[in-house]
file query_39.txt (compact mmCIF, C-alpha atoms)
# COMPACT_ATOMS: atom_id res chain seq x y z
CA MET U 10 -36.68 -0.62 11.23
CA PRO U 11 -34.04 1.82 12.55
CA VAL U 12 -31.46 3.34 10.21
CA ALA U 13 -27.74 3.65 11.08
CA VAL U 14 -26.86 7.34 10.64
CA LEU U 15 -23.31 8.70 10.50
CA ARG U 16 -22.83 11.18 13.34
CA GLY U 17 -19.11 11.91 13.22
CA THR U 18 -15.73 10.82 11.87
CA GLY U 19 -12.16 10.93 13.13
CA GLY U 20 -8.67 9.96 12.09
CA ALA U 21 -5.24 9.48 13.63
CA LEU U 22 -1.76 9.10 12.14
CA PRO U 23 1.61 8.51 13.80
CA PRO U 24 3.66 11.71 13.98
CA ARG U 25 6.53 10.42 11.83
CA ARG U 26 6.02 11.08 8.11
CA VAL U 27 8.35 9.00 5.93
CA THR U 28 8.96 10.08 2.33
CA ASN U 29 9.87 7.91 -0.62
CA ASP U 30 13.34 9.42 -0.64
CA GLU U 31 13.88 8.22 2.91
CA LEU U 32 12.94 4.67 1.91
CA ALA U 33 15.13 4.91 -1.19
CA ALA U 34 18.12 5.42 1.08
CA ARG U 35 17.78 1.80 2.26
CA LEU U 36 15.94 0.08 -0.62
CA ALA U 37 16.75 -0.28 -4.33
CA THR U 38 14.03 2.15 -5.36
CA SER U 39 13.36 5.85 -5.98
CA ASP U 40 10.67 8.45 -5.44
CA ALA U 41 9.93 8.50 -9.18
CA TRP U 42 9.57 4.68 -9.34
CA ILE U 43 7.17 4.57 -6.37
CA VAL U 44 5.04 7.54 -7.50
CA GLU U 45 4.72 6.26 -11.07
CA ARG U 46 3.57 2.79 -10.02
CA THR U 47 1.52 3.57 -6.91
CA GLY U 48 0.86 7.30 -6.53
CA ILE U 49 2.37 7.14 -3.04
CA ARG U 50 4.65 9.99 -1.94
CA ALA U 51 4.76 9.45 1.82
CA ARG U 52 3.39 7.37 4.66
CA HIS U 53 3.22 7.61 8.46
CA LEU U 54 5.03 4.97 10.53
CA ALA U 55 4.51 4.26 14.21
CA PRO U 56 7.40 4.59 16.65
CA PRO U 57 8.48 1.72 18.93
CA GLY U 58 6.06 1.31 21.80
CA MET U 59 3.00 2.58 19.93
CA CYS U 60 0.14 0.08 19.73
CA THR U 61 -2.77 -0.30 17.35
CA SER U 62 -5.09 0.61 20.22
CA ASP U 63 -3.26 3.93 20.68
CA LEU U 64 -4.20 5.03 17.18
CA ALA U 65 -7.67 3.52 17.49
CA VAL U 66 -8.37 5.48 20.67
CA ALA U 67 -7.11 8.75 19.14
CA ALA U 68 -9.31 8.30 16.05
CA ALA U 69 -12.29 7.32 18.22
CA GLN U 70 -11.91 10.39 20.41
CA ALA U 71 -11.86 12.64 17.35
CA ALA U 72 -15.00 10.94 15.99
CA LEU U 73 -16.82 11.28 19.33
CA VAL U 74 -16.01 15.00 19.46
CA ALA U 75 -17.23 15.46 15.87
CA ALA U 76 -20.44 13.57 16.72
CA GLY U 77 -21.00 15.48 19.95
CA THR U 78 -21.44 12.09 21.61
CA PRO U 79 -20.01 11.17 25.04
CA ALA U 80 -18.12 7.90 25.15
CA GLN U 81 -20.48 6.45 27.75
CA ALA U 82 -23.33 6.73 25.22
CA ILE U 83 -21.63 4.12 23.00
CA ASP U 84 -22.90 0.57 23.45
CA LEU U 85 -21.13 -1.16 20.56
CA VAL U 86 -17.42 -1.00 19.65
CA VAL U 87 -16.15 -2.80 16.55
CA VAL U 88 -12.47 -2.59 15.61
CA ALA U 89 -11.36 -3.79 12.18
CA THR U 90 -7.69 -4.73 12.30
CA SER U 91 -5.19 -7.30 11.08
CA THR U 92 -2.56 -6.06 13.54
CA PRO U 93 -4.19 -6.33 16.97
CA ASP U 94 -2.33 -5.41 20.13
CA ARG U 95 -2.47 -9.03 21.26
CA THR U 96 -3.74 -12.37 20.01
CA PHE U 97 -6.42 -11.83 22.66
CA PRO U 98 -8.20 -10.08 24.24
CA ALA U 99 -9.69 -8.10 21.37
CA THR U 100 -8.22 -4.67 20.70
CA ALA U 101 -11.81 -3.39 20.81
CA THR U 102 -12.01 -4.21 24.51
CA ALA U 103 -8.81 -2.21 25.14
CA VAL U 104 -10.33 0.72 23.27
CA GLN U 105 -13.56 0.34 25.21
CA ALA U 106 -11.74 0.41 28.54
CA ARG U 107 -9.54 3.39 27.67
CA LEU U 108 -12.55 5.41 26.55
CA GLY U 109 -14.37 4.64 29.80
CA ILE U 110 -17.13 2.65 28.13
CA THR U 111 -18.47 0.04 30.54
CA GLY U 112 -21.59 -1.29 28.81
CA GLY U 113 -22.58 -2.96 25.58
CA ALA U 114 -20.42 -5.15 23.36
CA ALA U 115 -16.91 -4.88 21.91
CA PHE U 116 -15.14 -7.14 19.43
CA ASP U 117 -12.56 -7.19 16.63
CA LEU U 118 -13.21 -8.05 13.01
CA GLN U 119 -10.53 -9.28 10.60
CA ALA U 120 -11.03 -8.90 6.85
CA VAL U 121 -7.68 -7.18 6.11
CA CYS U 122 -8.11 -4.14 3.83
CA SER U 123 -11.87 -4.75 3.59
CA GLY U 124 -12.11 -4.78 7.38
CA PHE U 125 -13.68 -1.38 7.89
CA VAL U 126 -16.34 -1.94 5.23
CA TYR U 127 -17.12 -5.33 6.76
CA ALA U 128 -17.25 -3.79 10.25
CA LEU U 129 -19.54 -1.00 9.07
CA ALA U 130 -21.94 -3.52 7.53
CA VAL U 131 -21.95 -5.64 10.71
CA ALA U 132 -22.55 -2.62 12.94
CA ASP U 133 -25.35 -1.47 10.64
CA SER U 134 -27.02 -4.88 10.93
CA LEU U 135 -26.79 -4.83 14.74
CA LEU U 136 -28.12 -1.29 15.02
CA ARG U 137 -31.06 -2.18 12.80
CA THR U 138 -32.10 -4.87 15.29
CA ALA U 139 -32.49 -2.14 17.94
CA ALA U 140 -30.30 -4.21 20.28
CA TYR U 141 -27.76 -1.34 20.25
CA ARG U 142 -28.20 2.40 19.90
CA ARG U 143 -24.80 3.93 19.17
CA ALA U 144 -21.75 2.27 17.63
CA LEU U 145 -18.11 3.22 17.35
CA VAL U 146 -16.63 1.56 14.25
CA ILE U 147 -12.85 1.79 13.88
CA GLY U 148 -10.28 0.68 11.35
CA ALA U 149 -6.78 0.67 12.86
CA GLU U 150 -3.52 -0.83 11.62
CA LEU U 151 0.20 -0.97 12.26
CA PHE U 152 1.22 -2.67 9.04
CA SER U 153 4.80 -1.49 9.50
CA ARG U 154 5.12 -4.30 12.07
CA ILE U 155 4.41 -7.07 9.54
CA LEU U 156 6.35 -5.78 6.52
CA ASP U 157 9.52 -7.28 5.10
CA TRP U 158 11.62 -4.13 4.97
CA ASP U 159 14.01 -5.76 2.49
CA ASP U 160 11.22 -6.33 -0.05
CA ARG U 161 10.81 -3.13 -2.05
CA ALA U 162 7.71 -4.50 -3.79
CA THR U 163 5.72 -4.38 -0.54
CA ALA U 164 7.68 -2.21 1.91
CA VAL U 165 6.93 0.99 -0.02
CA LEU U 166 3.17 0.36 -0.19
CA PHE U 167 1.96 0.47 3.39
CA GLY U 168 1.62 2.87 6.31
CA ASP U 169 0.09 3.03 9.78
CA GLY U 170 -3.05 4.85 10.89
CA ALA U 171 -6.60 4.68 12.19
CA GLY U 172 -9.99 6.04 11.26
CA ALA U 173 -13.30 5.91 13.12
CA VAL U 174 -16.97 6.73 12.76
CA VAL U 175 -19.85 7.09 15.20
CA LEU U 176 -23.15 5.58 14.05
CA GLU U 177 -26.51 6.15 15.72
CA ALA U 178 -29.71 4.16 15.21
CA MET U 179 -32.59 6.47 14.24
CA GLU U 180 -36.16 5.96 13.13
CA PRO U 181 -36.57 6.62 9.39
CA ALA U 182 -38.65 9.75 9.98
CA GLU U 183 -35.90 11.19 12.18
CA ALA U 184 -33.12 10.15 9.80
CA GLN U 185 -34.77 12.00 6.88
CA GLY U 186 -33.05 9.94 4.22
CA ARG U 187 -29.65 9.88 5.90
CA GLY U 188 -27.77 6.78 6.95
CA ILE U 189 -26.56 3.49 5.51
CA LEU U 190 -28.75 2.58 2.55
CA ALA U 191 -27.14 -0.66 1.40
CA ALA U 192 -24.15 -2.93 1.98
CA ARG U 193 -22.69 -5.89 0.10
CA LEU U 194 -19.91 -8.18 1.32
CA ARG U 195 -18.10 -10.85 -0.68
CA ALA U 196 -15.21 -13.27 -0.28
CA ASP U 197 -13.42 -15.92 -2.33
CA GLY U 198 -10.86 -17.93 -0.41
CA ARG U 199 -9.41 -19.55 -3.53
CA TYR U 200 -7.12 -16.53 -3.91
CA GLY U 201 -5.71 -16.49 -0.39
CA ASP U 202 -2.16 -17.16 -1.59
CA LEU U 203 -2.01 -13.94 -3.63
CA LEU U 204 -1.91 -11.68 -0.55
CA TYR U 205 -1.11 -13.09 2.88
CA VAL U 206 1.19 -13.07 5.91
CA ASP U 207 3.50 -16.08 6.10
CA GLY U 208 3.05 -16.74 9.80
CA GLY U 209 0.58 -16.89 12.64
CA PRO U 210 0.05 -18.40 16.10
CA GLY U 211 -1.92 -21.31 14.62
CA THR U 212 0.70 -22.27 12.01
CA THR U 213 4.30 -21.20 12.54
CA GLY U 214 3.93 -19.59 15.95
CA THR U 215 5.54 -16.44 14.54
CA VAL U 216 4.18 -13.05 13.48
CA GLY U 217 5.25 -13.54 9.86
CA ARG U 218 5.68 -11.01 7.06
CA LEU U 219 3.38 -9.76 4.32
CA ARG U 220 3.66 -11.41 0.89
CA MET U 221 1.87 -10.29 -2.26
CA GLN U 222 1.60 -11.04 -5.96
CA GLY U 223 0.89 -7.47 -6.97
CA ARG U 224 -0.11 -7.92 -10.61
CA GLU U 225 -2.66 -10.60 -9.82
CA VAL U 226 -4.12 -8.60 -6.94
CA PHE U 227 -4.45 -5.57 -9.24
CA ARG U 228 -6.28 -7.59 -11.89
CA HIS U 229 -8.82 -8.99 -9.46
CA ALA U 230 -9.25 -5.72 -7.57
CA VAL U 231 -10.52 -3.61 -10.46
CA VAL U 232 -13.10 -6.17 -11.57
CA ASN U 233 -14.30 -7.08 -8.07
CA LEU U 234 -14.56 -3.49 -6.87
CA ALA U 235 -16.46 -2.26 -9.92
CA ASP U 236 -18.88 -5.18 -9.65
CA ILE U 237 -19.54 -4.68 -5.93
CA VAL U 238 -20.21 -0.97 -6.45
CA HIS U 239 -22.83 -1.78 -9.09
CA GLU U 240 -24.39 -4.46 -6.88
CA THR U 241 -24.63 -2.09 -3.91
CA ALA U 242 -26.13 0.72 -5.99
CA ILE U 243 -28.76 -1.64 -7.40
CA LEU U 244 -29.56 -2.87 -3.88
CA ALA U 245 -30.17 0.73 -2.81
CA GLY U 246 -32.22 1.54 -5.90
CA VAL U 247 -29.82 4.16 -7.27
CA SER U 248 -27.47 4.34 -10.24
CA VAL U 249 -23.70 4.73 -10.04
CA ALA U 250 -24.16 8.15 -11.66
CA ASP U 251 -26.17 9.23 -8.58
CA ILE U 252 -23.14 8.73 -6.30
CA ASP U 253 -21.64 12.04 -5.23
CA TRP U 254 -18.41 10.59 -3.84
CA LEU U 255 -16.53 7.36 -4.23
CA VAL U 256 -14.41 6.70 -1.13
CA PRO U 257 -12.22 3.74 -2.11
CA HIS U 258 -9.65 1.68 -0.31
CA GLN U 259 -6.34 3.49 -0.78
CA ALA U 260 -4.13 0.67 -2.03
CA ASN U 261 -2.75 2.08 -5.25
CA ARG U 262 -3.70 5.12 -7.34
CA ARG U 263 -3.71 3.01 -10.50
CA ILE U 264 -6.35 0.69 -9.01
CA ILE U 265 -8.42 3.68 -7.89
CA GLU U 266 -8.25 5.31 -11.33
CA ALA U 267 -8.98 2.05 -13.20
CA THR U 268 -11.99 1.35 -10.98
CA ALA U 269 -13.32 4.89 -11.45
CA ARG U 270 -12.98 4.56 -15.25
CA LYS U 271 -14.79 1.24 -15.21
CA LEU U 272 -17.61 2.86 -13.22
CA GLY U 273 -17.73 5.96 -15.43
CA LEU U 274 -16.95 8.26 -12.51
CA PRO U 275 -14.60 11.25 -12.95
CA MET U 276 -11.66 11.43 -10.54
CA GLU U 277 -13.06 14.77 -9.34
CA ARG U 278 -15.67 12.69 -7.48
CA VAL U 279 -13.17 10.29 -5.90
CA ILE U 280 -11.48 10.86 -2.53
CA VAL U 281 -7.77 10.05 -2.82
CA THR U 282 -5.38 10.00 0.15
CA VAL U 283 -2.97 7.26 -0.95
CA ASP U 284 -0.36 9.89 -1.86
CA GLU U 285 0.12 10.88 1.80
CA HIS U 286 -1.11 7.83 3.73
CA ALA U 287 -0.09 4.90 1.48
CA ASN U 288 -2.08 1.73 2.12
CA THR U 289 -3.23 1.67 5.74
CA SER U 290 -5.34 -1.46 5.22
CA ALA U 291 -8.54 -1.34 7.31
CA ALA U 292 -7.80 2.27 8.28
CA SER U 293 -7.67 3.62 4.72
CA VAL U 294 -11.40 4.03 4.00
CA PRO U 295 -12.32 5.76 7.31
CA LEU U 296 -9.23 8.00 7.04
CA ALA U 297 -10.24 9.03 3.51
CA LEU U 298 -13.86 9.57 4.58
CA ASP U 299 -12.76 11.71 7.52
CA GLN U 300 -10.50 13.83 5.34
CA GLY U 301 -13.21 14.36 2.74
CA ILE U 302 -15.68 15.50 5.39
CA ARG U 303 -13.25 17.71 7.28
CA ASP U 304 -11.99 19.53 4.19
CA GLY U 305 -15.56 20.28 3.11
CA ARG U 306 -15.74 18.22 -0.06
CA ILE U 307 -18.22 15.71 1.36
CA ARG U 308 -21.30 17.59 2.53
CA PRO U 309 -24.52 16.67 4.36
CA GLY U 310 -27.10 15.05 2.11
CA GLN U 311 -24.58 13.61 -0.35
CA LEU U 312 -24.36 9.96 -1.38
CA CYS U 313 -21.04 8.27 -0.56
CA LEU U 314 -19.98 4.84 -1.72
CA LEU U 315 -17.26 3.19 0.37
CA GLU U 316 -15.49 0.20 -1.17
CA ALA U 317 -12.49 -1.98 -0.42
CA MET U 318 -10.81 -5.27 -1.27
CA GLY U 319 -8.26 -7.15 0.79
CA GLY U 320 -6.48 -10.45 1.31
CA GLY U 321 -8.62 -13.52 1.39
CA PHE U 322 -9.86 -12.28 -1.04
CA THR U 323 -12.50 -10.23 0.73
CA TRP U 324 -14.28 -7.24 -0.74
CA GLY U 325 -17.34 -5.14 -0.10
CA ALA U 326 -19.11 -1.82 -0.38
CA VAL U 327 -21.36 0.38 1.75
CA LEU U 328 -23.58 3.16 0.40
CA LEU U 329 -24.65 5.89 2.79
CA ARG U 330 -26.17 9.33 2.69
CA ILE U 331 -24.21 11.71 4.89

call {"tool": "encode", "arguments": {"input": "query_39.txt", "output": "structure tokens"}}
result
Amino acid sequence: MPVAVLRGTGGALPPRRVTNDELAARLATSDAWIVERTGIRARHLAPPGMCTSDLAVAAAQAALVAAGTPAQAIDLVVVATSTPDRTFPATATAVQARLGITGGAAFDLQAVCSGFVYALAVADSLLRTAAYRRALVIGAELFSRILDWDDRATAVLFGDGAGAVVLEAMEPAEAQGRGILAARLRADGRYGDLLYVDGGPGTTGTVGRLRMQGREVFRHAVVNLADIVHETAILAGVSVADIDWLVPHQANRRIIEATARKLGLPMERVIVTVDEHANTSAASVPLALDQGIRDGRIRPGQLCLLEAMGGGFTWGAVLLRI
């Protein structure tokens, strides 16, 4: 059975970097309050007129260059997003068209902050069937468009961005141990009211705004993420101690640190970008992965565990050897 091997990564952020001090000028908060509780110091926010597909295309182009793969060689495009350009058609089809890809399949996947991990697992499954050869998997979000900017509890937490990877199906002998080794996806809809958007075309007919019960989300996140990491490691036949890098969803530094402690992993083996990116939902894991690879920390041959949890609740993990 073919193995899905990572060929390249890319990321894209809006040009405008917004600091905590800038937010404090309009909200009852401060840089010290935000940093202490979240670890966030800044985030990037999209200007008017920028679409989710704009960031998705930019991240995809960077990943294609890194992979040395022409866009026309891609036959599967999966975009994980909760903030699509339109209700339909899928943002993935807009990305496909703008990249000049005319064959294969393209679709969106919605699992909120777990979206990229879900999309990676789905693409891996499709590549293993040999129905597709090369996939472009993207996480892209404009969460600034669904925030209540008068709610300091949520407005300070999120940013905009996109991250992408190119996967290629290879025979095991050619892959030489590289590629996606295991993936686990979970969901429990009983907790949907703890993190949600209070609108939608099928209910209120409005876009709605993000609502969250932060303490409850935190409590579930640490337990669920630690459990899914252990499950994925067992599925791959490795121990958590064998993992070279944990690349977590960048929701909150406290969640990241608590999960690492529960797993027995030192923070020196955890990629953290929440300080500069804030929570970019489905874009956070691929952005962190791209940064870790580009700055030389994540090297070929190393084991990386990607994990995330989002509204729904949904959560999941993917283990791959770079």

call {"tool": "closest_residue", "arguments": {"input": "query_39.txt", "among": "U:Trp324, U:Phe167, U:Trp254, U:Phe227", "to": "U:Leu32", "atoms": "all atoms listed in the file"}}
result
U:Phe167

call {"tool": "closest_residue", "arguments": {"input": "query_39.txt", "among": "U:Leu73, U:Val146, U:Ala182, U:Leu274", "to": "U:Ala292", "atoms": "only C-alpha atoms"}}
result
U:Val146

call {"tool": "closest_residue", "arguments": {"input": "query_39.txt", "among": "U:Gly170, U:Gly198, U:Gly301, U:Gly321", "to": "U:Thr18", "atoms": "only C-alpha atoms"}}
result
U:Gly301

call {"tool": "residues_around", "arguments": {"input": "query_39.txt", "residues": "U:Pro79", "least_positions_apart": "3", "cutoff": "10 Å", "atoms": "all atoms listed in the file", "output": "mmCIF file with C-alpha atoms, keeping the file's coordinate frame"}}
result
data_model
loop_
_atom_site.group_PDB
_atom_site.id
_atom_site.type_symbol
_atom_site.label_atom_id
_atom_site.label_comp_id
_atom_site.auth_asym_id
_atom_site.auth_seq_id
_atom_site.Cartn_x
_atom_site.Cartn_y
_atom_site.Cartn_z
ATOM 1 C CA GLN U 70 -11.910 10.390 20.410
ATOM 2 C CA LEU U 73 -16.820 11.280 19.330
ATOM 3 C CA VAL U 74 -16.010 15.000 19.460
ATOM 4 C CA ALA U 76 -20.440 13.570 16.720
ATOM 5 C CA ALA U 82 -23.330 6.730 25.220
ATOM 6 C CA ILE U 83 -21.630 4.120 23.000
ATOM 7 C CA LEU U 108 -12.550 5.410 26.550
ATOM 8 C CA GLY U 109 -14.370 4.640 29.800
ATOM 9 C CA ILE U 110 -17.130 2.650 28.130
#

call {"tool": "residues_around", "arguments": {"input": "query_39.txt", "residues": "stretch 312-316 of chain U", "least_positions_apart": "3", "cutoff": "10 Å", "atoms": "only C-alpha atoms", "output": "PyMOL selection string"}}
result
chain U and resi 122-123+125-127+129+187-194+234-235+237-238+241-242+247+249+251-259+278-279+294-295+297-298+307-309+324-331

call {"tool": "closest_residue", "arguments": {"input": "query_39.txt", "among": "U:Ala130, U:Ala317, U:Val165, U:Ser293", "to": "U:Asp40", "atoms": "all atoms listed in the file"}}
result
U:Val165

call {"tool": "atom_distance", "arguments": {"input": "query_39.txt", "atom1": "atom CA of U:Gly208", "atom2": "atom CA of U:Asp117"}}
result
19.5 Å

call {"tool": "residues_near_point", "arguments": {"input": "query_39.txt", "point": "(-17.0, 3.6, 19.1)", "cutoff": "10 Å", "atoms": "all atoms listed in the file", "output": "ChimeraX atom specification"}}
result
/U:65-66,68-70,72-73,78,80-88,101,104-105,108,110,115,143-147,173-176

call {"tool": "atom_distance", "arguments": {"input": "query_39.txt", "atom1": "atom CA of U:Gly20", "atom2": "atom CA of U:Leu296"}}
result
5.4 Å

call {"tool": "closest_residue", "arguments": {"input": "query_39.txt", "among": "U:Gly217, U:Pro275, U:Gly168, U:Gly320", "to": "U:Arg50", "atoms": "all atoms listed in the file"}}
result
U:Gly168

call {"tool": "axis_aligned_box", "arguments": {"input": "query_39.txt", "around": "stretch 322-330 of chain U", "padding_each_side": "3 Å", "output": "AutoDock Vina command-line options"}}
result
--center_x -18.0 --center_y -1.5 --center_z 0.9 --size_x 22.3 --size_y 27.6 --size_z 9.8

call {"tool": "residues_around", "arguments": {"input": "query_39.txt", "residues": "U:Thr96", "least_positions_apart": "4", "cutoff": "10 Å", "atoms": "all atoms listed in the file", "output": "list of chain:residue names"}}
result
U:Thr92, U:Thr100, U:Gly209, U:Pro210

call {"tool": "build_atoms", "arguments": {"input": "query_39.txt", "residues": "stretch 267-294 of chain U", "atoms": "N, CA and C atoms", "output": "mmCIF file, in the coordinates of the input"}}
result
data_model
loop_
_atom_site.group_PDB
_atom_site.id
_atom_site.type_symbol
_atom_site.label_atom_id
_atom_site.label_comp_id
_atom_site.auth_asym_id
_atom_site.auth_seq_id
_atom_site.Cartn_x
_atom_site.Cartn_y
_atom_site.Cartn_z
ATOM 1 N N ALA U 267 -8.407 3.067 -12.309
ATOM 2 C CA ALA U 267 -8.980 2.050 -13.200
ATOM 3 C C ALA U 267 -10.407 1.708 -12.776
ATOM 4 N N THR U 268 -10.647 1.632 -11.479
ATOM 5 C CA THR U 268 -11.990 1.350 -10.980
ATOM 6 C C THR U 268 -12.949 2.489 -11.320
ATOM 7 N N ALA U 269 -12.497 3.725 -11.123
ATOM 8 C CA ALA U 269 -13.320 4.890 -11.450
ATOM 9 C C ALA U 269 -13.685 4.906 -12.929
ATOM 10 N N ARG U 270 -12.705 4.601 -13.803
ATOM 11 C CA ARG U 270 -12.980 4.560 -15.250
ATOM 12 C C ARG U 270 -14.015 3.494 -15.571
ATOM 13 N N LYS U 271 -13.864 2.333 -14.955
ATOM 14 C CA LYS U 271 -14.790 1.240 -15.210
ATOM 15 C C LYS U 271 -16.211 1.593 -14.771
ATOM 16 N N LEU U 272 -16.301 2.434 -13.729
ATOM 17 C CA LEU U 272 -17.610 2.860 -13.220
ATOM 18 C C LEU U 272 -18.148 4.090 -13.944
ATOM 19 N N GLY U 273 -17.306 4.731 -14.737
ATOM 20 C CA GLY U 273 -17.730 5.960 -15.430
ATOM 21 C C GLY U 273 -17.776 7.166 -14.518
ATOM 22 N N LEU U 274 -16.979 7.140 -13.441
ATOM 23 C CA LEU U 274 -16.950 8.260 -12.510
ATOM 24 C C LEU U 274 -15.678 9.075 -12.723
ATOM 25 N N PRO U 275 -15.794 10.414 -12.814
ATOM 26 C CA PRO U 275 -14.600 11.250 -12.950
ATOM 27 C C PRO U 275 -13.811 11.263 -11.649
ATOM 28 N N MET U 276 -12.498 11.416 -11.736
ATOM 29 C CA MET U 276 -11.660 11.430 -10.540
ATOM 30 C C MET U 276 -11.985 12.612 -9.635
ATOM 31 N N GLU U 277 -12.642 13.629 -10.166
ATOM 32 C CA GLU U 277 -13.060 14.770 -9.340
ATOM 33 C C GLU U 277 -14.099 14.367 -8.297
ATOM 34 N N ARG U 278 -14.675 13.178 -8.447
ATOM 35 C CA ARG U 278 -15.670 12.690 -7.480
ATOM 36 C C ARG U 278 -15.136 11.494 -6.692
ATOM 37 N N VAL U 279 -13.815 11.379 -6.631
ATOM 38 C CA VAL U 279 -13.170 10.290 -5.900
ATOM 39 C C VAL U 279 -12.242 10.881 -4.845
ATOM 40 N N ILE U 280 -12.368 10.408 -3.607
ATOM 41 C CA ILE U 280 -11.480 10.860 -2.530
ATOM 42 C C ILE U 280 -10.194 10.036 -2.592
ATOM 43 N N VAL U 281 -9.065 10.720 -2.711
ATOM 44 C CA VAL U 281 -7.770 10.050 -2.820
ATOM 45 C C VAL U 281 -6.840 10.569 -1.722
ATOM 46 N N THR U 282 -6.338 9.649 -0.904
ATOM 47 C CA THR U 282 -5.380 10.000 0.150
ATOM 48 C C THR U 282 -4.135 9.127 0.097
ATOM 49 N N VAL U 283 -4.080 8.221 -0.882
ATOM 50 C CA VAL U 283 -2.970 7.260 -0.950
ATOM 51 C C VAL U 283 -1.630 7.964 -1.099
ATOM 52 N N ASP U 284 -1.622 9.175 -1.668
ATOM 53 C CA ASP U 284 -0.360 9.890 -1.860
ATOM 54 C C ASP U 284 0.325 10.203 -0.537
ATOM 55 N N GLU U 285 -0.449 10.501 0.505
ATOM 56 C CA GLU U 285 0.120 10.880 1.800
ATOM 57 C C GLU U 285 0.037 9.783 2.857
ATOM 58 N N HIS U 286 -0.908 8.863 2.704
ATOM 59 C CA HIS U 286 -1.110 7.830 3.730
ATOM 60 C C HIS U 286 -0.575 6.471 3.326
ATOM 61 N N ALA U 287 -0.367 6.239 2.004
ATOM 62 C CA ALA U 287 -0.090 4.900 1.480
ATOM 63 C C ALA U 287 -1.262 3.987 1.836
ATOM 64 N N ASN U 288 -1.025 2.696 1.815
ATOM 65 C CA ASN U 288 -2.080 1.730 2.120
ATOM 66 C C ASN U 288 -2.082 1.451 3.613
ATOM 67 N N THR U 289 -3.112 1.913 4.306
ATOM 68 C CA THR U 289 -3.230 1.670 5.740
ATOM 69 C C THR U 289 -4.239 0.568 6.045
ATOM 70 N N SER U 290 -4.470 -0.298 5.060
ATOM 71 C CA SER U 290 -5.340 -1.460 5.220
ATOM 72 C C SER U 290 -6.725 -1.052 5.733
ATOM 73 N N ALA U 291 -7.184 -1.620 6.832
ATOM 74 C CA ALA U 291 -8.540 -1.340 7.310
ATOM 75 C C ALA U 291 -8.756 0.112 7.710
ATOM 76 N N ALA U 292 -7.675 0.866 7.893
ATOM 77 C CA ALA U 292 -7.800 2.270 8.280
ATOM 78 C C ALA U 292 -7.987 3.192 7.081
ATOM 79 N N SER U 293 -7.746 2.700 5.860
ATOM 80 C CA SER U 293 -7.670 3.620 4.720
ATOM 81 C C SER U 293 -9.006 4.253 4.374
ATOM 82 N N VAL U 294 -10.094 3.480 4.367
ATOM 83 C CA VAL U 294 -11.400 4.030 4.000
ATOM 84 C C VAL U 294 -11.890 5.054 5.039
#
